[in-house]
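Enquirer: The following file, work-v8.csv, comprises CSV, C-alpha atoms:
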chain,number,residue,atom,x,y,z
W,972,MET,CA,59.8,236.8,173.6
W,973,LEU,CA,58.1,235.5,176.8
W,974,ALA,CA,61.2,236.4,178.8
W,975,ILE,CA,61.1,240.0,177.5
W,976,LEU,CA,57.4,240.3,178.3
W,977,LEU,CA,58.0,238.9,181.8
W,978,CYS,CA,60.9,241.3,182.4
W,979,ALA,CA,58.8,244.3,181.3
W,980,PHE,CA,55.8,243.1,183.4
W,981,THR,CA,58.1,242.7,186.5
W,982,GLN,CA,59.5,246.2,186.0
W,983,VAL,CA,56.1,247.8,185.9
W,984,ILE,CA,55.1,245.9,189.1
W,985,CYS,CA,58.3,246.9,190.9
W,986,THR,CA,58.4,250.6,190.0
W,987,GLY,CA,54.7,251.3,189.9
W,988,GLY,CA,55.0,252.3,186.2
W,989,LEU,CA,57.8,253.3,183.8
W,990,SER,CA,59.4,256.7,184.1
W,991,LYS,CA,61.8,258.3,181.6
W,992,HIS,CA,63.9,255.5,180.0
W,993,GLY,CA,62.2,253.1,182.3
W,994,TRP,CA,64.0,254.4,185.4
W,995,THR,CA,62.6,255.4,188.8
W,996,MET,CA,64.6,257.0,191.6
W,997,GLU,CA,63.5,257.6,195.2
W,998,SER,CA,65.2,259.7,197.8
W,999,PRO,CA,64.0,261.8,200.8
W,1000,ASP,CA,63.7,265.6,200.3
W,1001,ARG,CA,65.4,266.3,203.6
W,1002,VAL,CA,67.7,264.4,205.9
W,1003,THR,CA,68.4,265.5,209.5
W,1004,GLY,CA,71.5,264.3,211.4
W,1005,ARG,CA,73.4,265.3,214.5
W,1006,GLU,CA,76.8,267.1,214.6
W,1007,GLY,CA,79.7,264.7,215.0
W,1008,LYS,CA,77.7,261.6,214.1
W,1009,PRO,CA,77.4,259.7,210.8
W,1010,ALA,CA,74.4,260.2,208.6
W,1011,VAL,CA,73.0,258.3,205.6
W,1012,LEU,CA,72.0,259.8,202.3
W,1013,PHE,CA,69.3,257.5,200.9
W,1014,CYS,CA,68.9,256.8,197.2
W,1015,LYS,CA,66.9,253.8,195.7
W,1016,PHE,CA,66.5,253.2,192.0
W,1017,THR,CA,65.2,250.8,189.4
W,1018,HIS,CA,66.1,250.4,185.7
W,1019,PRO,CA,64.4,248.4,182.9
W,1020,HIS,CA,67.4,246.1,182.0
W,1021,CYS,CA,66.7,242.8,183.8
W,1022,GLY,CA,69.8,240.7,184.6
W,1023,TYR,CA,72.2,243.5,183.8
W,1024,LYS,CA,75.8,242.4,184.7
W,1025,GLY,CA,77.8,245.4,183.4
W,1026,ASN,CA,79.4,248.2,185.3
W,1027,ILE,CA,77.3,250.5,187.4
W,1028,THR,CA,78.7,253.9,188.3
W,1029,LEU,CA,77.5,255.9,191.3
W,1030,THR,CA,78.1,259.6,191.7
W,1031,TRP,CA,77.1,261.9,194.5
W,1032,LYS,CA,77.3,265.7,193.8
W,1033,GLU,CA,76.9,268.8,195.9
W,1034,LYS,CA,74.4,270.9,194.0
W,1035,GLY,CA,75.6,274.4,194.9
W,1036,ARG,CA,79.1,274.0,193.5
W,1037,ASN,CA,78.2,271.1,191.1
W,1038,MET,CA,81.1,269.3,192.8
W,1039,VAL,CA,81.6,265.5,192.8
W,1040,LEU,CA,81.9,264.4,196.4
W,1041,PHE,CA,81.9,260.7,195.9
W,1042,SER,CA,82.1,258.4,192.9
W,1043,CYS,CA,82.6,254.7,192.5
W,1044,THR,CA,82.1,251.9,189.9
W,1045,ASN,CA,80.6,248.5,190.8
W,1046,TYR,CA,82.1,245.9,188.5
W,1047,LEU,CA,82.4,242.1,188.1
W,1048,SER,CA,85.8,241.0,189.5
W,1049,LEU,CA,87.5,238.1,187.9
W,1050,ASN,CA,90.2,238.0,190.5
W,1051,SER,CA,91.2,234.3,191.3
W,1052,GLN,CA,90.7,235.0,195.0
W,1053,ILE,CA,87.5,237.1,194.8
W,1054,ILE,CA,84.8,236.2,192.3
W,1055,GLY,CA,81.9,238.6,192.5
W,1056,PHE,CA,81.1,242.3,192.3
W,1057,GLU,CA,83.4,245.0,193.8
W,1058,ASN,CA,83.4,248.8,194.2
W,1059,LEU,CA,86.2,250.8,192.7
W,1060,ILE,CA,86.4,254.2,194.3
W,1061,HIS,CA,87.2,257.1,192.0
W,1062,GLN,CA,86.5,260.1,194.2
W,1063,ASN,CA,86.1,260.5,198.0
W,1064,VAL,CA,86.5,264.1,199.2
W,1065,ASP,CA,88.2,264.2,202.6
W,1066,LYS,CA,87.6,260.4,202.8
W,1067,ARG,CA,84.2,261.2,204.5
W,1068,TYR,CA,82.0,258.9,202.4
W,1069,ARG,CA,81.3,255.2,202.3
W,1070,VAL,CA,79.0,253.0,200.2
W,1071,MET,CA,76.1,251.7,202.3
W,1072,GLY,CA,73.8,250.3,199.7
W,1073,ASN,CA,74.3,247.5,197.2
W,1074,LEU,CA,74.1,248.8,193.7
W,1075,ARG,CA,73.2,245.3,192.4
W,1076,GLU,CA,70.1,245.5,194.7
W,1077,ASN,CA,69.2,249.0,193.4
W,1078,ASP,CA,70.4,250.8,196.5
W,1079,ALA,CA,72.8,253.7,195.9
W,1080,SER,CA,72.8,255.0,199.5
W,1081,ILE,CA,76.0,256.3,201.1
W,1082,ILE,CA,77.2,257.3,204.6
W,1083,ILE,CA,78.7,260.7,205.6
W,1084,ASN,CA,81.0,260.4,208.5
W,1085,GLN,CA,81.3,263.1,211.2
W,1086,LEU,CA,78.7,265.7,210.3
W,1087,THR,CA,79.8,269.3,210.9
W,1088,LEU,CA,77.8,272.5,211.0
W,1089,ARG,CA,79.3,273.3,207.6
W,1090,ASP,CA,77.2,270.5,206.2
W,1091,ASN,CA,74.0,272.3,207.3
W,1092,TYR,CA,71.6,273.0,204.4
W,1093,GLN,CA,73.9,271.4,201.8
W,1094,GLN,CA,72.1,269.9,198.9
W,1095,TYR,CA,73.0,266.6,197.3
W,1096,ILE,CA,72.2,264.8,194.0
W,1097,CYS,CA,72.5,261.0,193.4
W,1098,LEU,CA,73.4,259.9,189.8
W,1099,VAL,CA,73.5,256.3,188.5
W,1100,ASP,CA,75.0,255.2,185.2
W,1101,LEU,CA,75.0,251.9,183.4
W,1102,LYS,CA,78.0,251.5,181.2
W,1103,ASP,CA,76.1,249.6,178.5
W,1104,TYR,CA,73.3,252.3,178.4
W,1105,SER,CA,75.2,255.5,178.9
W,1106,ASN,CA,72.4,257.6,177.4
W,1107,GLU,CA,70.1,256.6,180.3
W,1108,THR,CA,71.9,258.4,183.2
W,1109,SER,CA,69.4,258.8,186.0
W,1110,GLN,CA,69.5,261.2,188.9
W,1111,SER,CA,67.5,261.7,192.1
W,1112,SER,CA,65.7,264.8,193.2
W,1113,ILE,CA,67.7,267.3,195.4
W,1114,GLN,CA,68.3,266.0,198.9
W,1115,THR,CA,68.9,268.6,201.6
W,1116,ILE,CA,70.8,267.8,204.8
W,1117,LEU,CA,70.1,269.6,208.1
W,1118,VAL,CA,72.6,269.3,210.9
W,1119,VAL,CA,71.5,269.5,214.6
W,1120,ALA,CA,74.2,270.9,216.9
W,1121,ALA,CA,75.6,268.5,219.4
W,1122,ASP,CA,74.4,268.8,222.9
W,1123,GLU,CA,75.9,267.6,226.2
W,1124,LYS,CA,73.3,264.9,226.9
W,1125,ASN,CA,74.3,263.1,223.7
W,1126,MET,CA,78.0,263.0,224.6
W,1127,TRP,CA,77.4,260.5,227.4
W,1128,PRO,CA,76.3,256.9,226.8
W,1129,VAL,CA,73.1,255.4,228.1
W,1130,SER,CA,74.0,252.8,230.8
W,1131,GLY,CA,72.0,249.8,231.9
W,1132,LYS,CA,72.7,246.7,233.9
W,1133,LYS,CA,72.7,243.2,232.5
W,1134,ARG,CA,69.1,241.7,232.4
W,1135,ASP,CA,67.5,245.1,233.1
W,1136,SER,CA,65.7,247.3,230.7
W,1137,VAL,CA,66.8,250.6,229.2
W,1138,THR,CA,65.3,253.4,227.1
W,1139,LEU,CA,66.9,254.5,223.9
W,1140,SER,CA,65.7,258.0,223.2
W,1141,CYS,CA,65.1,259.5,219.7
W,1142,THR,CA,63.1,262.7,219.1
W,1143,PHE,CA,62.4,264.7,216.0
W,1144,ASN,CA,60.3,267.6,214.8
W,1145,PRO,CA,56.6,266.4,214.8
W,1146,PRO,CA,55.4,265.7,211.3
W,1147,ASP,CA,52.8,268.0,209.8
W,1148,LEU,CA,49.4,267.2,208.4
W,1149,TYR,CA,48.6,264.9,205.4
W,1150,LEU,CA,50.7,262.0,206.7
W,1151,THR,CA,51.0,258.9,204.5
W,1152,SER,CA,53.3,256.8,206.8
W,1153,ILE,CA,55.9,257.0,209.5
W,1154,THR,CA,58.7,254.3,209.7
W,1155,VAL,CA,60.8,254.0,212.8
W,1156,LEU,CA,64.0,252.1,212.1
W,1157,TRP,CA,66.7,251.2,214.7
W,1158,MET,CA,70.0,249.7,213.7
W,1159,LYS,CA,72.9,248.3,215.7
W,1160,GLU,CA,76.7,248.9,215.6
W,1161,ASN,CA,77.1,250.6,212.2
W,1162,PRO,CA,74.6,251.7,209.5
W,1163,HIS,CA,77.1,250.3,207.0
W,1164,LYS,CA,76.2,246.8,208.2
W,1165,GLU,CA,72.5,247.4,208.1
W,1166,SER,CA,71.9,245.2,211.2
W,1167,THR,CA,68.3,246.2,211.9
W,1168,VAL,CA,67.0,245.4,215.3
W,1169,PHE,CA,63.6,247.2,215.1
W,1170,ASN,CA,61.5,248.3,212.2
W,1171,HIS,CA,58.0,249.7,212.7
W,1172,THR,CA,55.8,251.3,210.1
W,1173,ARG,CA,52.6,253.1,210.8
W,1174,SER,CA,50.4,253.8,207.8
W,1175,PHE,CA,47.8,256.6,207.7
W,1176,ASP,CA,46.3,255.5,204.4
W,1177,PRO,CA,42.6,254.9,205.1
W,1178,GLY,CA,42.5,252.1,202.7
W,1179,SER,CA,45.3,250.2,204.4
W,1180,TYR,CA,44.4,246.9,206.1
W,1181,TYR,CA,47.4,246.9,208.4
W,1182,THR,CA,47.9,250.2,210.2
W,1183,ASP,CA,50.8,249.3,212.6
W,1184,PRO,CA,53.0,246.4,211.3
W,1185,ILE,CA,56.2,245.6,213.1
W,1186,ILE,CA,58.5,244.2,210.5
W,1187,VAL,CA,61.5,243.5,212.7
W,1188,ASN,CA,61.8,243.0,216.4
W,1189,GLU,CA,65.1,241.2,217.2
W,1190,ASP,CA,64.5,238.5,219.8
W,1191,ASN,CA,61.2,240.3,220.6
W,1192,ARG,CA,63.1,242.5,223.1
W,1193,PHE,CA,62.2,246.0,221.7
W,1194,GLU,CA,59.0,248.1,222.3
W,1195,LEU,CA,58.1,251.4,220.8
W,1196,ILE,CA,57.3,253.6,223.8
W,1197,GLY,CA,57.3,257.0,222.0
W,1198,ASN,CA,54.5,258.4,219.9
W,1199,PRO,CA,55.9,259.1,216.4
W,1200,THR,CA,53.0,261.4,215.5
W,1201,GLN,CA,54.3,263.7,218.4
W,1202,GLY,CA,57.9,263.5,217.3
W,1203,ASN,CA,59.1,260.7,219.6
W,1204,ALA,CA,60.6,257.4,218.3
W,1205,SER,CA,62.1,256.2,221.6
W,1206,ILE,CA,62.2,252.4,222.3
W,1207,ARG,CA,62.6,250.3,225.4
W,1208,MET,CA,65.1,247.4,225.2
W,1209,ARG,CA,64.7,244.6,227.8
W,1210,ASP,CA,66.8,241.7,229.1
W,1211,LEU,CA,70.1,243.5,228.4
W,1212,GLN,CA,73.1,241.3,227.6
W,1213,LEU,CA,76.7,242.4,227.7
W,1214,ASN,CA,77.1,242.0,223.9
W,1215,ASP,CA,74.3,244.6,223.5
W,1216,SER,CA,76.9,247.4,224.2
W,1217,SER,CA,77.1,249.3,221.0
W,1218,ASP,CA,76.0,252.4,219.0
W,1219,TYR,CA,72.3,252.3,218.0
W,1220,PHE,CA,71.2,254.4,215.0
W,1221,CYS,CA,67.6,255.8,214.9
W,1222,HIS,CA,66.2,256.5,211.5
W,1223,VAL,CA,62.7,258.0,211.2
W,1224,HIS,CA,61.1,258.2,207.7
W,1225,VAL,CA,58.1,260.5,207.5
W,1226,LYS,CA,56.1,260.4,204.2
W,1227,ASN,CA,53.4,262.9,203.4
W,1228,GLY,CA,51.8,264.4,200.3
W,1229,GLY,CA,54.7,266.7,199.8
W,1230,GLY,CA,57.5,264.1,199.9
W,1231,GLU,CA,59.7,262.3,202.5
W,1232,ASN,CA,61.8,263.5,205.4
W,1233,VAL,CA,64.4,261.4,207.3
W,1234,THR,CA,65.7,262.2,210.8
W,1235,GLN,CA,68.7,260.3,212.1
W,1236,ASP,CA,70.3,260.1,215.5
W,1237,VAL,CA,72.8,257.9,217.4
W,1238,VAL,CA,72.6,256.6,221.0
W,1239,LYS,CA,75.6,254.9,222.6
W,1240,LEU,CA,74.6,252.0,224.9
W,1241,GLN,CA,76.9,250.7,227.6
W,1242,VAL,CA,75.7,247.5,229.4
W,1243,VAL,CA,77.4,246.9,232.8
W,1244,ALA,CA,77.4,243.9,235.0
W,1245,PRO,CA,78.6,243.2,238.6
W,1246,ALA,CA,81.5,240.9,239.1
W,1247,THR,CA,80.3,237.3,239.1
W,1248,ILE,CA,82.4,234.2,239.6
W,1249,LEU,CA,81.5,231.6,236.9
W,1250,GLU,CA,84.0,228.9,237.7
W,1251,LEU,CA,86.5,228.1,240.4
W,1252,SER,CA,88.6,224.9,240.0
W,1253,ALA,CA,91.9,223.2,240.7
W,1254,VAL,CA,94.1,221.8,237.9
W,1255,ASN,CA,96.8,219.2,238.8
W,1256,ASP,CA,99.7,219.0,236.4
W,1257,ASN,CA,102.8,217.0,237.2
W,1258,ILE,CA,104.8,219.1,234.6
W,1259,SER,CA,103.9,222.7,235.1
W,1260,GLY,CA,102.6,222.3,238.7
W,1261,ASP,CA,99.2,222.8,240.4
W,1262,THR,CA,97.0,225.7,239.6
W,1263,ILE,CA,93.8,227.1,241.0
W,1264,MET,CA,91.7,228.9,238.3
W,1265,CYS,CA,89.0,231.5,238.9
W,1266,ARG,CA,86.8,232.7,235.9
W,1267,VAL,CA,84.9,235.9,236.4
W,1268,GLU,CA,82.3,237.8,234.3
W,1269,GLY,CA,81.9,241.6,234.8
W,1270,GLU,CA,81.8,244.9,233.0
W,1271,PRO,CA,83.9,246.8,233.6
W,1272,PRO,CA,86.4,243.9,234.0
W,1273,ALA,CA,86.7,242.6,237.5
W,1274,ASN,CA,89.8,242.7,239.7
W,1275,ILE,CA,90.8,239.4,241.4
W,1276,THR,CA,92.5,238.9,244.7
W,1277,TRP,CA,93.3,235.6,246.4
W,1278,ILE,CA,93.2,234.7,250.1
W,1279,ASP,CA,95.2,231.6,251.1
W,1280,PRO,CA,94.5,229.2,254.0
W,1281,GLU,CA,96.5,231.4,256.4
W,1282,ASN,CA,94.3,234.4,255.6
W,1283,ASN,CA,97.0,236.2,253.6
W,1284,THR,CA,95.8,238.4,250.7
W,1285,LEU,CA,97.6,238.2,247.4
W,1286,PRO,CA,96.7,240.7,244.7
W,1287,GLU,CA,96.2,239.6,241.1
W,1288,ASP,CA,99.6,241.0,240.0
W,1289,SER,CA,101.7,239.1,242.5
W,1290,ASN,CA,104.4,236.5,241.5
W,1291,SER,CA,102.0,233.7,242.5
W,1292,ALA,CA,99.1,234.9,240.3
W,1293,THR,CA,98.4,235.7,236.7
W,1294,VAL,CA,95.4,237.5,235.1
W,1295,THR,CA,94.1,237.2,231.5
W,1296,ARG,CA,91.3,239.5,230.1
W,1297,VAL,CA,88.8,238.0,227.6
W,1298,PRO,CA,87.2,241.2,226.2
W,1299,ASP,CA,84.9,239.5,223.7
W,1300,LYS,CA,83.3,237.5,226.6
W,1301,HIS,CA,83.6,240.3,229.2
W,1302,GLN,CA,85.6,237.9,231.4
W,1303,THR,CA,88.7,237.9,233.6
W,1304,VAL,CA,90.6,234.7,234.3
W,1305,GLY,CA,92.8,234.6,237.4
W,1306,GLU,CA,95.2,231.8,238.1
W,1307,PHE,CA,96.9,231.0,241.4
W,1308,LEU,CA,100.2,229.2,240.6
W,1309,ASN,CA,101.7,226.3,242.5
W,1310,PRO,CA,99.8,226.6,245.8
W,1311,THR,CA,101.9,225.1,248.6
W,1312,LEU,CA,99.5,225.2,251.6
W,1313,ARG,CA,96.7,222.7,252.3
W,1314,GLY,CA,93.3,224.2,253.1
W,1315,THR,CA,90.7,226.6,251.7
W,1316,TYR,CA,91.6,229.2,249.1
W,1317,SER,CA,89.2,232.1,248.3
W,1318,CYS,CA,88.8,234.0,245.0
W,1319,VAL,CA,87.5,237.5,245.5
W,1320,ALA,CA,86.2,239.3,242.4
W,1321,VAL,CA,85.3,243.0,242.6
W,1322,ASN,CA,84.2,245.8,240.2
W,1323,GLU,CA,82.4,249.0,240.7
W,1324,HIS,CA,79.0,247.3,240.4
W,1325,GLY,CA,79.5,244.3,242.8
W,1326,ARG,CA,81.6,241.8,244.6
W,1327,ASP,CA,81.6,238.0,244.6
W,1328,VAL,CA,83.6,235.4,246.7
W,1329,CYS,CA,84.0,231.7,246.1
W,1330,GLN,CA,86.1,229.1,248.0
W,1331,ILE,CA,87.8,225.9,247.1
W,1332,HIS,CA,89.5,223.3,249.3
W,1333,PHE,CA,92.9,222.4,248.0
W,1334,SER,CA,95.0,219.5,249.4
W,1335,THR,CA,98.8,219.2,248.6
W,1336,VAL,CA,101.8,217.5,250.1
W,1337,ASP,CA,105.5,217.6,249.5
W,1338,ALA,CA,106.3,216.2,246.1
W,1339,ILE,CA,109.0,213.7,247.4
W,1340,TYR,CA,106.7,212.5,250.1
W,1341,SER,CA,103.8,212.2,247.7
W,1342,ASN,CA,105.9,210.2,245.3
W,1343,PHE,CA,107.0,207.9,248.1
W,1344,ILE,CA,103.4,207.3,249.1
W,1345,VAL,CA,102.4,206.6,245.5
W,1346,GLY,CA,105.3,204.2,245.2
W,1347,MET,CA,104.4,202.3,248.3
W,1348,LEU,CA,100.8,202.0,247.2
W,1349,CYS,CA,102.0,200.5,243.9
W,1350,LEU,CA,104.1,197.9,245.8
W,1351,ILE,CA,101.2,196.6,247.9
W,1352,PRO,CA,99.9,194.2,245.2
W,1353,LEU,CA,103.5,192.9,244.6
W,1354,VAL,CA,104.0,192.3,248.3
W,1355,LYS,CA,100.7,190.4,248.6
W,1356,PHE,CA,101.7,188.2,245.6
W,1357,LEU,CA,105.1,187.4,247.2
W,1358,LEU,CA,103.5,186.5,250.6
W,1359,LEU,CA,101.0,184.2,248.9
W,1360,LEU,CA,103.8,182.6,246.9
W,1361,ILE,CA,106.0,182.0,249.9
W,1362,THR,CA,103.0,180.6,251.9
W,1363,GLY,CA,102.1,178.3,249.1
W,1364,ILE,CA,105.7,177.0,248.9
W,1365,ILE,CA,105.9,176.4,252.7
W,1366,LEU,CA,102.5,174.5,252.6
W,1367,PHE,CA,103.6,172.4,249.7
W,1368,ILE,CA,106.9,171.4,251.4
W,1369,LYS,CA,105.0,170.4,254.7
W,1370,ILE,CA,102.5,168.4,252.8
W,1371,LYS,CA,105.2,166.6,250.9
W,1372,ASP,CA,107.0,165.7,254.1
Take the structure from the file and write it as C-alpha cells.
Expert:
Amino acid sequence: MLAILLCAFTQVICTGGLSKHGWTMESPDRVTGREGKPAVLFCKFTHPHCGYKGNITLTWKEKGRNMVLFSCTNYLSLNSQIIGFENLIHQNVDKRYRVMGNLRENDASIIINQLTLRDNYQQYICLVDLKDYSNETSQSSIQTILVVAADEKNMWPVSGKKRDSVTLSCTFNPPDLYLTSITVLWMKENPHKESTVFNHTRSFDPGSYYTDPIIVNEDNRFELIGNPTQGNASIRMRDLQLNDSSDYFCHVHVKNGGGENVTQDVVKLQVVAPATILELSAVNDNISGDTIMCRVEGEPPANITWIDPENNTLPEDSNSATVTRVPDKHQTVGEFLNPTLRGTYSCVAVNEHGRDVCQIHFSTVDAIYSNFIVGMLCLIPLVKFLLLLITGIILFIKIKD
C-alpha cells in the first residue's frame, strides 16, 4: 500500500497533476528547421504505471493524410548477447526517421533527416501505447514543422584555427510578448547522440529566483554572445582543438502563454592547424635497417619532404620514404628508410596554413666496417687478460730461477 501511495505521489510531482488516465504529453506547437538539414520532432510523456517493463509502442503520424510515418516498439530483449531494451521498427517511410529519445525515460522524440520544402507546414502527431494498458493510448497536440529554404552562407563551414576563438551563428524570429522562458541548446556531432555542449535557459517568470542559469557549458569554453530576446542565439567557442571539427546543432525553445516554439539550425565547424613537427627521431634496427621518423600535426594533413646532408630534396613518395596518415589524431608520420650518409637530415612539413622544419644529426658507417670495429672492441678485454697472464708466467719463471 505504501508503495502504491509513493508511486502516485511521485507521479503527481513529476507531471504537475494527473491528466486523462494519468498521462501527460508535452510537445512544441511549431518546429522550424533548415532545408537539407536534420530536425527533431520533440515529444515527452509520463504515465501512471511506475516500474512498467512491458512493450511501449511509438507512432508518429502525418495529420493531413492520417498516414503513419514512423512506428516502433520498445521491448525487453532476452537475446543471450544483448540483455536490455531494444527498438523494433515497424514503419519508416522513405527511411527518413530515427528514434532520438529513450522511451523508457519518457522521451518519444524522433529525428527527420534531410528536410525538404515539401515538409513545410506539415503537421505531426505523436502517439504512445503501453501493451498492458491498451485502453490508455496517449497522443500529443499537433506539431507543425516550418522549413526555411537553404541559403548559400549555410553551405560553407565556419573555419577557425587551433587555439583561436570562433563564432557559431544561430538566428530565429524574435519571440513575441508574454514570454515564459527561452532555452538555447547547442549539441555536437549528431542530435541522435544528444551530446550537449551548451545549455542556457532564461526565465521571464517574475517569481523565479534564478533568471539566467547556464546548465551545461562543456569545459567552460562557450559564451552566449547573441541576445535571444532579439532572435539571436549565437555563441562564441574559445580555445579550439582539432577534435572540435564537427556539426553543431542549435535548438532554441521559446515558451510563452500560448505554447512552445522550437527553432533548429546546423553549423558545420572546421578547425585548421598549421603543420607542426611533434617528433623527429632516429631508430636503429639491425634487422630492418635504420630509420629517421618525423611525426607532424596539421589540418589539412601536412606534406613531408626530406633534405639529406648533401642538400638533396626527396619527396615523401620516393623509394626512400614512406608516409602514414593518422586521421583521428590529425597527424602524418614520415619515415626516411636506411639513410646511408652521415650528417644532418631535415624534415620539412608544409600545409596551406604553415611550414615547420626540424633537423637531426645522423651518424652511420659501412656495416662490415662497423661490425669489425665492434668485434675489435669486444676483443680488447681478452687481449688484456692474455697479456697479464703471459706477464705473470714470465715473472713467476724468473723468480723461481
Enquirer: Could you list as a list of chain:residue names every residue that has an atom within 6 Å of (48.8, 259.9, 202.5), using the file's coordinates and counting only C-alpha atoms?
Expert: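 The residues near that point, listed by chain and number, are W:Tyr1149, W:Leu1150, W:Thr1151, W:Asp1176, W:Asn1227, W:Gly1228.
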Enquirer: Which range 1143-1225 of chain W residues have any atom within 8 Å of an atom of range 1125-1138 of chain W, and for each, what is the nearest pair of atoms with distance in Å to one decimal, counting only C-alpha atoms, rows sorted by chain and number, as JSON lines?
Expert:
{"residue": "W:Ser1205", "atom": "CA", "partner": "W:Thr1138", "partner_atom": "CA", "distance": 7.0}
{"residue": "W:Ile1206", "atom": "CA", "partner": "W:Thr1138", "partner_atom": "CA", "distance": 5.8}
{"residue": "W:Arg1207", "atom": "CA", "partner": "W:Thr1138", "partner_atom": "CA", "distance": 4.4}
{"residue": "W:Met1208", "atom": "CA", "partner": "W:Val1137", "partner_atom": "CA", "distance": 5.4}
{"residue": "W:Arg1209", "atom": "CA", "partner": "W:Ser1136", "partner_atom": "CA", "distance": 4.1}
{"residue": "W:Asp1210", "atom": "CA", "partner": "W:Arg1134", "partner_atom": "CA", "distance": 4.0}
{"residue": "W:Leu1211", "atom": "CA", "partner": "W:Arg1134", "partner_atom": "CA", "distance": 4.5}
{"residue": "W:Gln1212", "atom": "CA", "partner": "W:Lys1133", "partner_atom": "CA", "distance": 5.3}
{"residue": "W:Leu1213", "atom": "CA", "partner": "W:Lys1133", "partner_atom": "CA", "distance": 6.3}
Enquirer: If you measure from CA of Cys1021 in chain W to CA of Cys1097 in chain W, what distance in Å do you get, rounded to one decimal?
Expert: 21.4 Å
Enquirer: Find the residues near Thr1303 in chain W: any atom within 10 Å, counting all atoms listed in the file, skip ones fewer than 6 places away on the same chain, and give them as a list in words.
Expert: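 Neighbouring residues, sequence-local ones excluded: Ala1246, Ile1248, Cys1265, Arg1266, Val1267, Glu1268, Gly1269, Glu1270, Pro1272, Ala1273, Asn1274, Ile1275, Val1294, Thr1295, Arg1296, Val1297 and Ala1320 of chain W.
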Enquirer: I'd like the neighbourhood of Asn1026 in chain W as a CSV table (one decimal) with C-alpha atoms, keeping the file's coordinate frame, where a residue qualifies if any of its atoms comes within 8 Å (using all atoms listed in the file), though same-chain residues fewer than 6 positions away should be ignored.
Expert:
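Written out: selection.csv:
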chain,number,residue,atom,x,y,z
W,1044,THR,CA,82.1,251.9,189.9
W,1045,ASN,CA,80.6,248.5,190.8
W,1046,TYR,CA,82.1,245.9,188.5
W,1047,LEU,CA,82.4,242.1,188.1
W,1101,LEU,CA,75.0,251.9,183.4
W,1102,LYS,CA,78.0,251.5,181.2
W,1103,ASP,CA,76.1,249.6,178.5
Enquirer: Would you work out the distance separating CA of Asp1078 in chain W from CA of Lys1015 in chain W, expressed in Å to one decimal?
Expert: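 CA of Asp1078 in chain W sits 4.7 Å away from CA of Lys1015 in chain W.
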Enquirer: Could you work out how far CA of Trp994 in chain W lies from CA of Tyr1023 in chain W, giving the answer in Å with one decimal?
Expert: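 It comes out at 13.7 Å.
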